[in-house]
file final.pdb (PDB, C-alpha atoms)
ATOM      1  CA  MET Y   1      50.613 -60.745 -25.769
ATOM      2  CA  ILE Y   2      50.198 -59.442 -29.308
ATOM      3  CA  ARG Y   3      46.581 -59.122 -30.432
ATOM      4  CA  ILE Y   4      45.876 -59.064 -34.159
ATOM      5  CA  ILE Y   5      42.586 -57.465 -35.192
ATOM      6  CA  THR Y   6      40.941 -57.171 -38.606
ATOM      7  CA  ASP Y   7      37.521 -56.251 -39.944
ATOM      8  CA  GLY Y   8      34.832 -58.401 -41.506
ATOM      9  CA  THR Y   9      35.795 -57.512 -45.062
ATOM     10  CA  SER Y  10      38.739 -59.894 -44.633
ATOM     11  CA  ASP Y  11      36.108 -62.636 -44.973
ATOM     12  CA  LEU Y  12      38.001 -64.844 -42.521
ATOM     13  CA  SER Y  13      35.710 -67.620 -41.343
ATOM     14  CA  ALA Y  14      34.938 -67.778 -37.633
ATOM     15  CA  GLN Y  15      36.698 -71.131 -37.493
ATOM     16  CA  ARG Y  16      39.874 -69.852 -39.129
ATOM     17  CA  ALA Y  17      39.902 -66.692 -37.001
ATOM     18  CA  ALA Y  18      39.653 -68.851 -33.866
ATOM     19  CA  GLU Y  19      42.476 -71.108 -35.075
ATOM     20  CA  LEU Y  20      44.709 -68.082 -35.658
ATOM     21  CA  GLY Y  21      43.655 -66.229 -32.508
ATOM     22  CA  ILE Y  22      42.414 -63.234 -34.534
ATOM     23  CA  ASP Y  23      39.694 -60.753 -33.567
ATOM     24  CA  VAL Y  24      37.360 -60.054 -36.513
ATOM     25  CA  MET Y  25      35.107 -57.019 -36.232
ATOM     26  CA  PRO Y  26      32.025 -57.637 -38.413
ATOM     27  CA  MET Y  27      30.608 -55.072 -40.791
ATOM     28  CA  ARG Y  28      26.888 -54.332 -40.961
ATOM     29  CA  VAL Y  29      24.909 -54.975 -44.149
ATOM     30  CA  PHE Y  30      21.471 -53.529 -44.870
ATOM     31  CA  PHE Y  31      18.728 -54.962 -47.068
ATOM     32  CA  GLY Y  32      16.299 -52.068 -47.012
ATOM     33  CA  PRO Y  33      15.307 -51.531 -43.365
ATOM     34  CA  GLU Y  34      16.757 -54.882 -42.271
ATOM     35  CA  SER Y  35      20.207 -54.859 -40.717
ATOM     36  CA  PHE Y  36      22.597 -57.792 -40.285
ATOM     37  CA  LEU Y  37      26.130 -58.263 -38.986
ATOM     38  CA  ASP Y  38      27.934 -59.965 -41.861
ATOM     39  CA  GLY Y  39      29.018 -63.461 -40.886
ATOM     40  CA  VAL Y  40      27.185 -63.219 -37.534
ATOM     41  CA  ASP Y  41      23.492 -62.593 -38.228
ATOM     42  CA  ILE Y  42      23.652 -63.707 -41.841
ATOM     43  CA  THR Y  43      25.751 -66.412 -43.471
ATOM     44  CA  ARG Y  44      27.487 -66.087 -46.841
ATOM     45  CA  GLU Y  45      24.930 -68.429 -48.399
ATOM     46  CA  GLU Y  46      21.980 -66.494 -46.952
ATOM     47  CA  PHE Y  47      23.485 -63.228 -48.136
ATOM     48  CA  PHE Y  48      23.797 -64.382 -51.745
ATOM     49  CA  ARG Y  49      20.268 -65.811 -51.713
ATOM     50  CA  ARG Y  50      18.937 -62.451 -50.591
ATOM     51  CA  LEU Y  51      21.146 -60.641 -53.092
ATOM     52  CA  ALA Y  52      19.704 -62.685 -55.979
ATOM     53  CA  SER Y  53      16.126 -61.790 -55.051
ATOM     54  CA  SER Y  54      16.717 -58.141 -54.131
ATOM     55  CA  GLU Y  55      15.806 -55.458 -56.667
ATOM     56  CA  GLU Y  56      18.201 -52.970 -55.085
ATOM     57  CA  LEU Y  57      21.712 -53.624 -53.927
ATOM     58  CA  PRO Y  58      22.236 -53.903 -50.177
ATOM     59  CA  THR Y  59      24.405 -51.311 -48.470
ATOM     60  CA  THR Y  60      27.114 -51.636 -45.848
ATOM     61  CA  SER Y  61      28.396 -49.336 -43.135
ATOM     62  CA  GLN Y  62      31.970 -48.780 -42.061
ATOM     63  CA  LEU Y  63      33.112 -49.371 -38.505
ATOM     64  CA  ASN Y  64      33.272 -46.200 -36.404
ATOM     65  CA  PRO Y  65      35.877 -45.173 -33.796
ATOM     66  CA  ASP Y  66      33.750 -46.300 -30.849
ATOM     67  CA  ASP Y  67      33.589 -49.803 -32.327
ATOM     68  CA  PHE Y  68      37.371 -49.998 -32.089
ATOM     69  CA  LEU Y  69      38.013 -48.039 -28.918
ATOM     70  CA  GLU Y  70      36.394 -50.499 -26.517
ATOM     71  CA  LEU Y  71      38.427 -53.426 -27.891
ATOM     72  CA  PHE Y  72      41.677 -51.463 -28.148
ATOM     73  CA  GLN Y  73      41.345 -50.169 -24.594
ATOM     74  CA  ARG Y  74      40.483 -53.570 -23.162
ATOM     75  CA  TYR Y  75      43.592 -55.128 -24.641
ATOM     76  CA  THR Y  76      45.995 -52.314 -23.770
ATOM     77  CA  ASP Y  77      44.629 -52.146 -20.211
ATOM     78  CA  GLN Y  78      45.695 -55.757 -19.724
ATOM     79  CA  GLY Y  79      49.156 -55.056 -21.126
ATOM     80  CA  ASP Y  80      48.680 -56.456 -24.648
ATOM     81  CA  GLN Y  81      49.996 -54.872 -27.851
ATOM     82  CA  VAL Y  82      47.603 -54.454 -30.782
ATOM     83  CA  VAL Y  83      48.175 -54.771 -34.533
ATOM     84  CA  GLY Y  84      45.080 -53.869 -36.547
ATOM     85  CA  ILE Y  85      44.993 -54.705 -40.279
ATOM     86  CA  PHE Y  86      42.018 -53.258 -42.103
ATOM     87  CA  ILE Y  87      40.297 -52.789 -45.461
ATOM     88  CA  SER Y  88      41.940 -50.366 -47.890
ATOM     89  CA  SER Y  89      41.449 -46.738 -46.877
ATOM     90  CA  GLN Y  90      40.543 -46.081 -50.522
ATOM     91  CA  LEU Y  91      37.494 -48.348 -50.195
ATOM     92  CA  SER Y  92      36.222 -47.548 -46.694
ATOM     93  CA  GLY Y  93      36.667 -45.148 -43.808
ATOM     94  CA  THR Y  94      37.118 -48.085 -41.427
ATOM     95  CA  CYS Y  95      40.906 -47.736 -41.270
ATOM     96  CA  GLN Y  96      40.575 -44.036 -40.466
ATOM     97  CA  SER Y  97      38.129 -44.904 -37.680
ATOM     98  CA  ALA Y  98      40.711 -47.296 -36.253
ATOM     99  CA  CYS Y  99      43.340 -44.545 -36.338
ATOM    100  CA  ILE Y 100      41.020 -42.192 -34.459
ATOM    101  CA  ALA Y 101      40.354 -44.878 -31.839
ATOM    102  CA  ARG Y 102      44.093 -45.555 -31.529
ATOM    103  CA  ASP Y 103      44.682 -41.870 -30.761
ATOM    104  CA  MET Y 104      41.811 -41.832 -28.251
ATOM    105  CA  ALA Y 105      43.011 -44.921 -26.361
ATOM    106  CA  GLU Y 106      44.839 -44.281 -23.115
ATOM    107  CA  GLY Y 107      48.280 -45.848 -22.995
ATOM    108  CA  GLY Y 108      49.418 -49.042 -24.642
ATOM    109  CA  GLU Y 109      50.929 -49.902 -28.004
ATOM    110  CA  ILE Y 110      48.521 -49.904 -30.950
ATOM    111  CA  HIS Y 111      49.541 -50.183 -34.602
ATOM    112  CA  VAL Y 112      47.033 -49.619 -37.429
ATOM    113  CA  VAL Y 113      47.885 -50.953 -40.899
ATOM    114  CA  ASP Y 114      46.114 -49.970 -44.110
ATOM    115  CA  SER Y 115      46.059 -53.248 -46.048
ATOM    116  CA  ARG Y 116      45.406 -51.470 -49.373
ATOM    117  CA  THR Y 117      43.177 -54.391 -50.258
ATOM    118  CA  VAL Y 118      40.085 -56.361 -49.245
ATOM    119  CA  THR Y 119      38.464 -59.815 -48.916
ATOM    120  CA  PHE Y 120      40.731 -62.873 -49.172
ATOM    121  CA  ALA Y 121      43.740 -60.674 -50.044
ATOM    122  CA  LEU Y 122      43.265 -58.949 -46.682
ATOM    123  CA  ALA Y 123      42.939 -62.385 -45.084
ATOM    124  CA  LEU Y 124      46.248 -63.341 -46.682
ATOM    125  CA  LEU Y 125      47.976 -60.423 -44.941
ATOM    126  CA  VAL Y 126      46.332 -61.335 -41.642
ATOM    127  CA  GLU Y 127      47.616 -64.906 -42.035
ATOM    128  CA  GLU Y 128      51.120 -63.553 -42.674
ATOM    129  CA  ALA Y 129      50.848 -61.359 -39.562
ATOM    130  CA  ALA Y 130      49.776 -64.329 -37.449
ATOM    131  CA  ALA Y 131      52.777 -66.314 -38.683
ATOM    132  CA  MET Y 132      55.092 -63.421 -37.764
ATOM    133  CA  ARG Y 133      53.537 -63.242 -34.295
ATOM    134  CA  ASP Y 134      54.091 -66.965 -33.832
ATOM    135  CA  GLU Y 135      57.722 -66.539 -34.906
ATOM    136  CA  GLY Y 136      58.216 -64.104 -32.030
ATOM    137  CA  MET Y 137      58.271 -60.758 -33.861
ATOM    138  CA  SER Y 138      57.296 -57.644 -31.922
ATOM    139  CA  ALA Y 139      54.091 -55.753 -32.668
ATOM    140  CA  ALA Y 140      56.088 -52.930 -34.274
ATOM    141  CA  GLN Y 141      57.992 -55.382 -36.469
ATOM    142  CA  ILE Y 142      54.776 -57.119 -37.561
ATOM    143  CA  ALA Y 143      53.116 -53.817 -38.466
ATOM    144  CA  ALA Y 144      56.136 -52.660 -40.474
ATOM    145  CA  GLN Y 145      56.435 -55.980 -42.301
ATOM    146  CA  VAL Y 146      52.723 -56.108 -43.153
ATOM    147  CA  GLU Y 147      52.786 -52.509 -44.399
ATOM    148  CA  ALA Y 148      55.625 -53.464 -46.741
ATOM    149  CA  LEU Y 149      53.815 -56.607 -47.926
ATOM    150  CA  ALA Y 150      50.606 -54.632 -48.490
ATOM    151  CA  GLN Y 151      52.334 -52.598 -51.183
ATOM    152  CA  ARG Y 152      53.124 -55.818 -53.051
ATOM    153  CA  THR Y 153      49.785 -57.562 -52.533
ATOM    154  CA  ARG Y 154      47.734 -58.189 -55.676
ATOM    155  CA  LEU Y 155      44.087 -59.246 -55.977
ATOM    156  CA  LEU Y 156      42.748 -60.423 -59.354
ATOM    157  CA  ALA Y 157      39.333 -61.912 -60.063
ATOM    158  CA  VAL Y 158      37.044 -62.926 -62.904
ATOM    159  CA  VAL Y 159      33.450 -61.749 -62.427
ATOM    160  CA  ASP Y 160      30.793 -64.135 -63.698
ATOM    161  CA  THR Y 161      27.935 -61.706 -64.313
ATOM    162  CA  LEU Y 162      27.585 -58.033 -65.190
ATOM    163  CA  THR Y 163      24.239 -57.787 -63.356
ATOM    164  CA  TYR Y 164      25.565 -56.430 -60.076
ATOM    165  CA  LEU Y 165      28.061 -54.041 -61.656
ATOM    166  CA  LYS Y 166      25.078 -52.635 -63.565
ATOM    167  CA  LYS Y 167      22.913 -52.386 -60.431
ATOM    168  CA  GLY Y 168      25.708 -50.564 -58.638
ATOM    169  CA  GLY Y 169      26.075 -48.073 -61.485
ATOM    170  CA  ARG Y 170      29.574 -49.274 -62.389
ATOM    171  CA  ILE Y 171      28.471 -49.967 -65.985
ATOM    172  CA  SER Y 172      25.475 -48.894 -68.061
ATOM    173  CA  ALA Y 173      22.425 -51.080 -68.696
ATOM    174  CA  ALA Y 174      23.284 -51.149 -72.406
ATOM    175  CA  THR Y 175      26.839 -52.324 -71.733
ATOM    176  CA  ALA Y 176      25.524 -54.995 -69.374
ATOM    177  CA  ALA Y 177      22.972 -56.193 -71.927
ATOM    178  CA  VAL Y 178      25.509 -56.458 -74.739
ATOM    179  CA  GLY Y 179      28.114 -57.974 -72.474
ATOM    180  CA  GLY Y 180      25.620 -60.530 -71.208
ATOM    181  CA  LEU Y 181      24.732 -61.601 -74.744
ATOM    182  CA  LEU Y 182      28.409 -61.981 -75.604
ATOM    183  CA  GLY Y 183      29.185 -63.819 -72.372
ATOM    184  CA  ILE Y 184      31.671 -61.162 -71.295
ATOM    185  CA  LYS Y 185      33.484 -61.827 -68.002
ATOM    186  CA  PRO Y 186      35.093 -58.694 -66.544
ATOM    187  CA  ILE Y 187      38.491 -59.034 -64.891
ATOM    188  CA  VAL Y 188      38.888 -56.771 -61.881
ATOM    189  CA  GLY Y 189      41.662 -56.129 -59.421
ATOM    190  CA  VAL Y 190      42.864 -54.006 -56.540
ATOM    191  CA  ASP Y 191      45.936 -51.973 -57.440
ATOM    192  CA  SER Y 192      48.875 -51.038 -55.221
ATOM    193  CA  ARG Y 193      47.093 -47.845 -54.097
ATOM    194  CA  GLY Y 194      44.191 -49.892 -52.780
ATOM    195  CA  THR Y 195      41.591 -48.939 -55.370
ATOM    196  CA  VAL Y 196      39.459 -51.259 -57.489
ATOM    197  CA  GLU Y 197      40.120 -51.178 -61.212
ATOM    198  CA  ALA Y 198      38.818 -52.912 -64.319
ATOM    199  CA  LEU Y 199      41.758 -54.724 -65.861
ATOM    200  CA  GLY Y 200      40.304 -56.539 -68.840
ATOM    201  CA  LYS Y 201      37.551 -58.789 -70.109
ATOM    202  CA  ALA Y 202      37.239 -62.302 -71.435
ATOM    203  CA  ARG Y 203      34.657 -64.373 -73.277
ATOM    204  CA  SER Y 204      34.662 -67.181 -70.730
ATOM    205  CA  MET Y 205      35.737 -67.990 -67.191
ATOM    206  CA  ALA Y 206      38.577 -70.148 -68.538
ATOM    207  CA  ALA Y 207      39.787 -67.311 -70.771
ATOM    208  CA  GLY Y 208      39.626 -64.927 -67.816
ATOM    209  CA  LEU Y 209      41.834 -67.211 -65.775
ATOM    210  CA  GLU Y 210      44.266 -67.429 -68.687
ATOM    211  CA  TRP Y 211      44.383 -63.612 -68.678
ATOM    212  CA  ILE Y 212      45.203 -63.647 -64.961
ATOM    213  CA  ALA Y 213      47.909 -66.272 -65.484
ATOM    214  CA  ALA Y 214      49.506 -64.096 -68.165
ATOM    215  CA  HIS Y 215      49.373 -61.114 -65.806
ATOM    216  CA  ILE Y 216      51.103 -63.077 -63.029
ATOM    217  CA  ARG Y 217      53.860 -64.101 -65.450
ATOM    218  CA  LYS Y 218      54.561 -60.384 -65.975
ATOM    219  CA  GLU Y 219      54.478 -59.673 -62.247
ATOM    220  CA  PRO Y 220      55.552 -62.939 -60.581
ATOM    221  CA  ALA Y 221      54.627 -63.998 -57.090
ATOM    222  CA  ASP Y 222      57.080 -64.239 -54.225
ATOM    223  CA  PRO Y 223      57.340 -68.035 -53.767
ATOM    224  CA  ALA Y 224      58.087 -67.682 -50.066
ATOM    225  CA  ARG Y 225      54.805 -65.895 -49.387
ATOM    226  CA  LEU Y 226      51.236 -67.101 -49.093
ATOM    227  CA  VAL Y 227      48.782 -67.240 -51.974
ATOM    228  CA  GLY Y 228      45.027 -66.955 -51.507
ATOM    229  CA  PHE Y 229      42.183 -68.193 -53.656
ATOM    230  CA  GLY Y 230      38.621 -67.000 -53.234
ATOM    231  CA  HIS Y 231      35.136 -67.293 -54.663
ATOM    232  CA  SER Y 232      31.724 -65.689 -54.282
ATOM    233  CA  ASP Y 233      29.199 -68.427 -53.520
ATOM    234  CA  SER Y 234      30.851 -70.755 -56.065
ATOM    235  CA  PRO Y 235      33.231 -73.179 -54.312
ATOM    236  CA  ASP Y 236      32.924 -75.580 -57.253
ATOM    237  CA  ARG Y 237      34.951 -73.137 -59.345
ATOM    238  CA  LEU Y 238      37.937 -73.044 -57.024
ATOM    239  CA  PRO Y 239      39.588 -76.222 -58.380
ATOM    240  CA  MET Y 240      39.442 -74.815 -61.916
ATOM    241  CA  CYS Y 241      40.985 -71.543 -60.742
ATOM    242  CA  MET Y 242      43.734 -73.219 -58.738
ATOM    243  CA  ASP Y 243      44.553 -75.597 -61.585
ATOM    244  CA  ALA Y 244      44.652 -72.795 -64.168
ATOM    245  CA  LEU Y 245      47.129 -70.799 -62.071
ATOM    246  CA  SER Y 246      49.202 -73.652 -60.654
ATOM    247  CA  GLN Y 247      52.027 -73.237 -63.164
ATOM    248  CA  VAL Y 248      52.507 -69.533 -62.419
ATOM    249  CA  LEU Y 249      52.233 -69.822 -58.631
ATOM    250  CA  PRO Y 250      54.926 -72.251 -57.445
ATOM    251  CA  GLN Y 251      54.351 -71.710 -53.743
ATOM    252  CA  GLN Y 252      56.138 -73.231 -50.769
ATOM    253  CA  ARG Y 253      53.223 -72.854 -48.321
ATOM    254  CA  PRO Y 254      49.601 -74.100 -48.350
ATOM    255  CA  ALA Y 255      47.144 -71.720 -50.005
ATOM    256  CA  VAL Y 256      44.662 -69.568 -48.102
ATOM    257  CA  ILE Y 257      41.104 -70.328 -49.236
ATOM    258  CA  GLY Y 258      38.466 -67.623 -48.825
ATOM    259  CA  SER Y 259      34.781 -67.048 -49.447
ATOM    260  CA  ILE Y 260      33.822 -63.524 -50.512
ATOM    261  CA  GLY Y 261      31.298 -61.915 -48.179
ATOM    262  CA  ALA Y 262      28.780 -59.109 -48.265
ATOM    263  CA  VAL Y 263      30.939 -56.030 -48.888
ATOM    264  CA  VAL Y 264      32.656 -57.271 -52.049
ATOM    265  CA  GLY Y 265      29.916 -59.762 -52.937
ATOM    266  CA  THR Y 266      27.418 -56.909 -53.302
ATOM    267  CA  HIS Y 267      29.320 -55.625 -56.325
ATOM    268  CA  VAL Y 268      30.640 -58.787 -57.985
ATOM    269  CA  GLY Y 269      27.651 -61.041 -57.309
ATOM    270  CA  PRO Y 270      27.855 -64.834 -57.209
ATOM    271  CA  GLY Y 271      30.156 -66.879 -59.420
ATOM    272  CA  ALA Y 272      33.317 -64.756 -59.160
ATOM    273  CA  VAL Y 273      36.633 -66.480 -58.579
ATOM    274  CA  GLY Y 274      40.139 -65.135 -58.155
ATOM    275  CA  VAL Y 275      43.559 -65.084 -56.593
ATOM    276  CA  ALA Y 276      45.545 -62.953 -54.172
ATOM    277  CA  TYR Y 277      49.322 -63.045 -53.973
ATOM    278  CA  ILE Y 278      52.334 -61.037 -52.914
ATOM    279  CA  ALA Y 279      54.511 -59.965 -55.819
ATOM    280  CA  ALA Y 280      58.233 -60.659 -55.732
ATOM    281  CA  GLU Y 281      60.469 -57.719 -54.830
TER     282      GLU Y 281
END
call {"tool": "encode", "arguments": {"input": "final.pdb", "output": "structure tokens"}}
result
Amino acid sequence: MIRIITDGTSDLSAQRAAELGIDVMPMRVFFGPESFLDGVDITREEFFRRLASSEELPTTSQLNPDDFLELFQRYTDQGDQVVGIFISSQLSGTCQSACIARDMAEGGEIHVVDSRTVTFALALLVEEAAAMRDEGMSAAQIAAQVEALAQRTRLLAVVDTLTYLKKGGRISAATAAVGGLLGIKPIVGVDSRGTVEALGKARSMAAGLEWIAAHIRKEPADPARLVGFGHSDSPDRLPMCMDALSQVLPQQRPAVIGSIGAVVGTHVGPGAVGVAYIAAE
């Protein structure tokens, strides 16, 4: 059997992970001295409520090799092959920890893939991997295919508030104050190297989505691949996002819908909305 494993930054819901037969390894989030497993001890809604009332940003910790080794070894001992797809190595040491655990495991076939992305874009790649598994591909074939898709995966989002970028030191207090008065909505993305970058800014959520649509026209999506839409504690904004991008994303498969969790939500705050897609070759 082929076992597909990802980490909690994929923001796959427990229900969806169970439907796909995916193992999700949760990340730990800290509010001061309090520690929670994201999605296990604290829900998305509870996280954002705490985030809104917290003076300091919460912190998260990467998974370490021991976290992976027990699961890897259990599966390989029973004759299963493992494909692990994890948060961008440019954003966390989690993928490196998985590689260390892979090298420590005794016997078996274990493939570790650097997704070069995060949140619902990572979930999109996991969904693609599950489809490949169900089509009968080998573990090695799945890993190679996902690695190739990762290089073409794009994540674009409009951030609703500058508050959390300011708290995290990404922008100055003065910039946040002026931007807040002007109603500035930053547009952020994850590039092909797997790093977060500021792409632009807009004066409204609608204008930000128009910016994203224009960007997708320049770098079109592969219509045969999945598209993902996600939000941070703002499901009411998803229909607007999906409608705004419907003309530039003529997809043949149902969209993946995601809810941004603690790791990314810490920095973008509530109200963000965006899209993940795989660019055409």
call {"tool": "closest_atom_pairs", "arguments": {"input": "final.pdb", "of": "range 169-258 of chain Y", "to": "range 104-124 of chain Y", "cutoff": "10 Å", "atoms": "all atoms listed in the file", "output": "CSV"}}
result
residue,atom,partner,partner_atom,distance
Y:Gly189,CA,Y:Thr117,CA,9.4
Y:Val190,CA,Y:Thr117,CA,6.3
Y:Asp191,CA,Y:Thr117,CA,8.1
Y:Ser192,CA,Y:Arg116,CA,6.8
Y:Arg193,CA,Y:Arg116,CA,6.2
Y:Gly194,CA,Y:Arg116,CA,3.9
Y:Thr195,CA,Y:Arg116,CA,7.5
Y:Val196,CA,Y:Thr117,CA,8.7
Y:Arg225,CA,Y:Leu124,CA,9.3
Y:Leu226,CA,Y:Leu124,CA,6.7
Y:Val227,CA,Y:Leu124,CA,7.0
Y:Gly228,CA,Y:Leu124,CA,6.2
Y:Phe229,CA,Y:Phe120,CA,7.1
Y:Gly230,CA,Y:Phe120,CA,6.2
Y:His231,CA,Y:Phe120,CA,9.0
Y:Ala255,CA,Y:Leu124,CA,9.1
Y:Val256,CA,Y:Leu124,CA,6.6
Y:Ile257,CA,Y:Phe120,CA,7.5
Y:Gly258,CA,Y:Phe120,CA,5.3
call {"tool": "residues_near_point", "arguments": {"input": "final.pdb", "point": "(38.3, -57.3, -69.1)", "cutoff": "12 Å", "atoms": "all atoms listed in the file", "output": "count of residues only"}}
result
29
call {"tool": "atom_distance", "arguments": {"input": "final.pdb", "atom1": "CA of Ala272 in chain Y", "atom2": "CA of Arg49 in chain Y"}}
result
15.1 Å
call {"tool": "atom_distance", "arguments": {"input": "final.pdb", "atom1": "CA of Gln62 in chain Y", "atom2": "CA of Pro270 in chain Y"}}
result
22.5 Å
call {"tool": "resolve_selection", "arguments": {"input": "final.pdb", "expression": "the PyMOL selection byres ((chain Y and resi 65-77) around 9)", "output": "list in words"}}
result
Arg3, Met25, Leu63, Asn64, Gln78, Gly79, Asp80, Gln81, Val82, Thr94, Gln96, Ser97, Ala98, Cys99, Ile100, Ala101, Arg102, Met104, Ala105, Glu106, Gly107, Gly108, Glu109 and Ile110 of chain Y
call {"tool": "residues_around", "arguments": {"input": "final.pdb", "residues": "range 235-251 of chain Y", "least_positions_apart": "6", "cutoff": "7 Å", "atoms": "only C-alpha atoms", "output": "ChimeraX atom specification"}}
result
/Y:209,213,216-217,221,223-224,273-274
call {"tool": "closest_residue", "arguments": {"input": "final.pdb", "among": "Y:Ser259, Y:Gly32, Y:Val264, Y:Ala214", "to": "Arg50 in chain Y", "atoms": "only C-alpha atoms"}}
result
Y:Gly32
call {"tool": "build_atoms", "arguments": {"input": "final.pdb", "residues": "range 202-222 of chain Y", "atoms": "N, CA and C atoms", "output": "CSV table (one decimal), keeping the file's coordinate frame"}}
result
chain,number,residue,atom,x,y,z
Y,202,ALA,N,37.0,-61.0,-70.7
Y,202,ALA,CA,37.2,-62.3,-71.4
Y,202,ALA,C,35.9,-62.9,-71.8
Y,203,ARG,N,35.9,-63.8,-72.8
Y,203,ARG,CA,34.7,-64.4,-73.3
Y,203,ARG,C,34.2,-65.6,-72.5
Y,204,SER,N,35.0,-66.0,-71.5
Y,204,SER,CA,34.7,-67.2,-70.7
Y,204,SER,C,35.5,-67.1,-69.4
Y,205,MET,N,35.0,-67.9,-68.5
Y,205,MET,CA,35.7,-68.0,-67.2
Y,205,MET,C,37.1,-68.5,-67.4
Y,206,ALA,N,37.3,-69.6,-68.3
Y,206,ALA,CA,38.6,-70.1,-68.5
Y,206,ALA,C,39.5,-69.1,-69.2
Y,207,ALA,N,39.0,-68.3,-70.1
Y,207,ALA,CA,39.8,-67.3,-70.8
Y,207,ALA,C,40.2,-66.2,-69.8
Y,208,GLY,N,39.3,-65.9,-68.8
Y,208,GLY,CA,39.6,-64.9,-67.8
Y,208,GLY,C,40.8,-65.4,-66.9
Y,209,LEU,N,40.8,-66.7,-66.6
Y,209,LEU,CA,41.8,-67.2,-65.8
Y,209,LEU,C,43.1,-67.3,-66.6
Y,210,GLU,N,43.1,-67.5,-67.9
Y,210,GLU,CA,44.3,-67.4,-68.7
Y,210,GLU,C,44.8,-66.0,-68.7
Y,211,TRP,N,44.0,-65.0,-68.7
Y,211,TRP,CA,44.4,-63.6,-68.7
Y,211,TRP,C,45.1,-63.4,-67.4
Y,212,ILE,N,44.6,-63.8,-66.3
Y,212,ILE,CA,45.2,-63.6,-65.0
Y,212,ILE,C,46.6,-64.3,-64.9
Y,213,ALA,N,46.6,-65.6,-65.5
Y,213,ALA,CA,47.9,-66.3,-65.5
Y,213,ALA,C,49.0,-65.5,-66.2
Y,214,ALA,N,48.6,-64.9,-67.4
Y,214,ALA,CA,49.5,-64.1,-68.2
Y,214,ALA,C,50.0,-62.9,-67.4
Y,215,HIS,N,49.0,-62.3,-66.6
Y,215,HIS,CA,49.4,-61.1,-65.8
Y,215,HIS,C,50.4,-61.5,-64.7
Y,216,ILE,N,50.2,-62.6,-64.1
Y,216,ILE,CA,51.1,-63.1,-63.0
Y,216,ILE,C,52.5,-63.4,-63.6
Y,217,ARG,N,52.5,-63.9,-64.8
Y,217,ARG,CA,53.9,-64.1,-65.4
Y,217,ARG,C,54.6,-62.8,-65.6
Y,218,LYS,N,53.9,-61.7,-65.8
Y,218,LYS,CA,54.6,-60.4,-66.0
Y,218,LYS,C,55.0,-59.8,-64.6
Y,219,GLU,N,54.2,-60.2,-63.6
Y,219,GLU,CA,54.5,-59.7,-62.2
Y,219,GLU,C,54.5,-60.9,-61.3
Y,220,PRO,N,55.5,-61.7,-61.3
Y,220,PRO,CA,55.6,-62.9,-60.6
Y,220,PRO,C,55.3,-62.8,-59.1
Y,221,ALA,N,54.8,-63.9,-58.5
Y,221,ALA,CA,54.6,-64.0,-57.1
Y,221,ALA,C,55.9,-64.3,-56.4
Y,222,ASP,N,56.0,-63.9,-55.1
Y,222,ASP,CA,57.1,-64.2,-54.2
Y,222,ASP,C,56.8,-65.7,-53.7
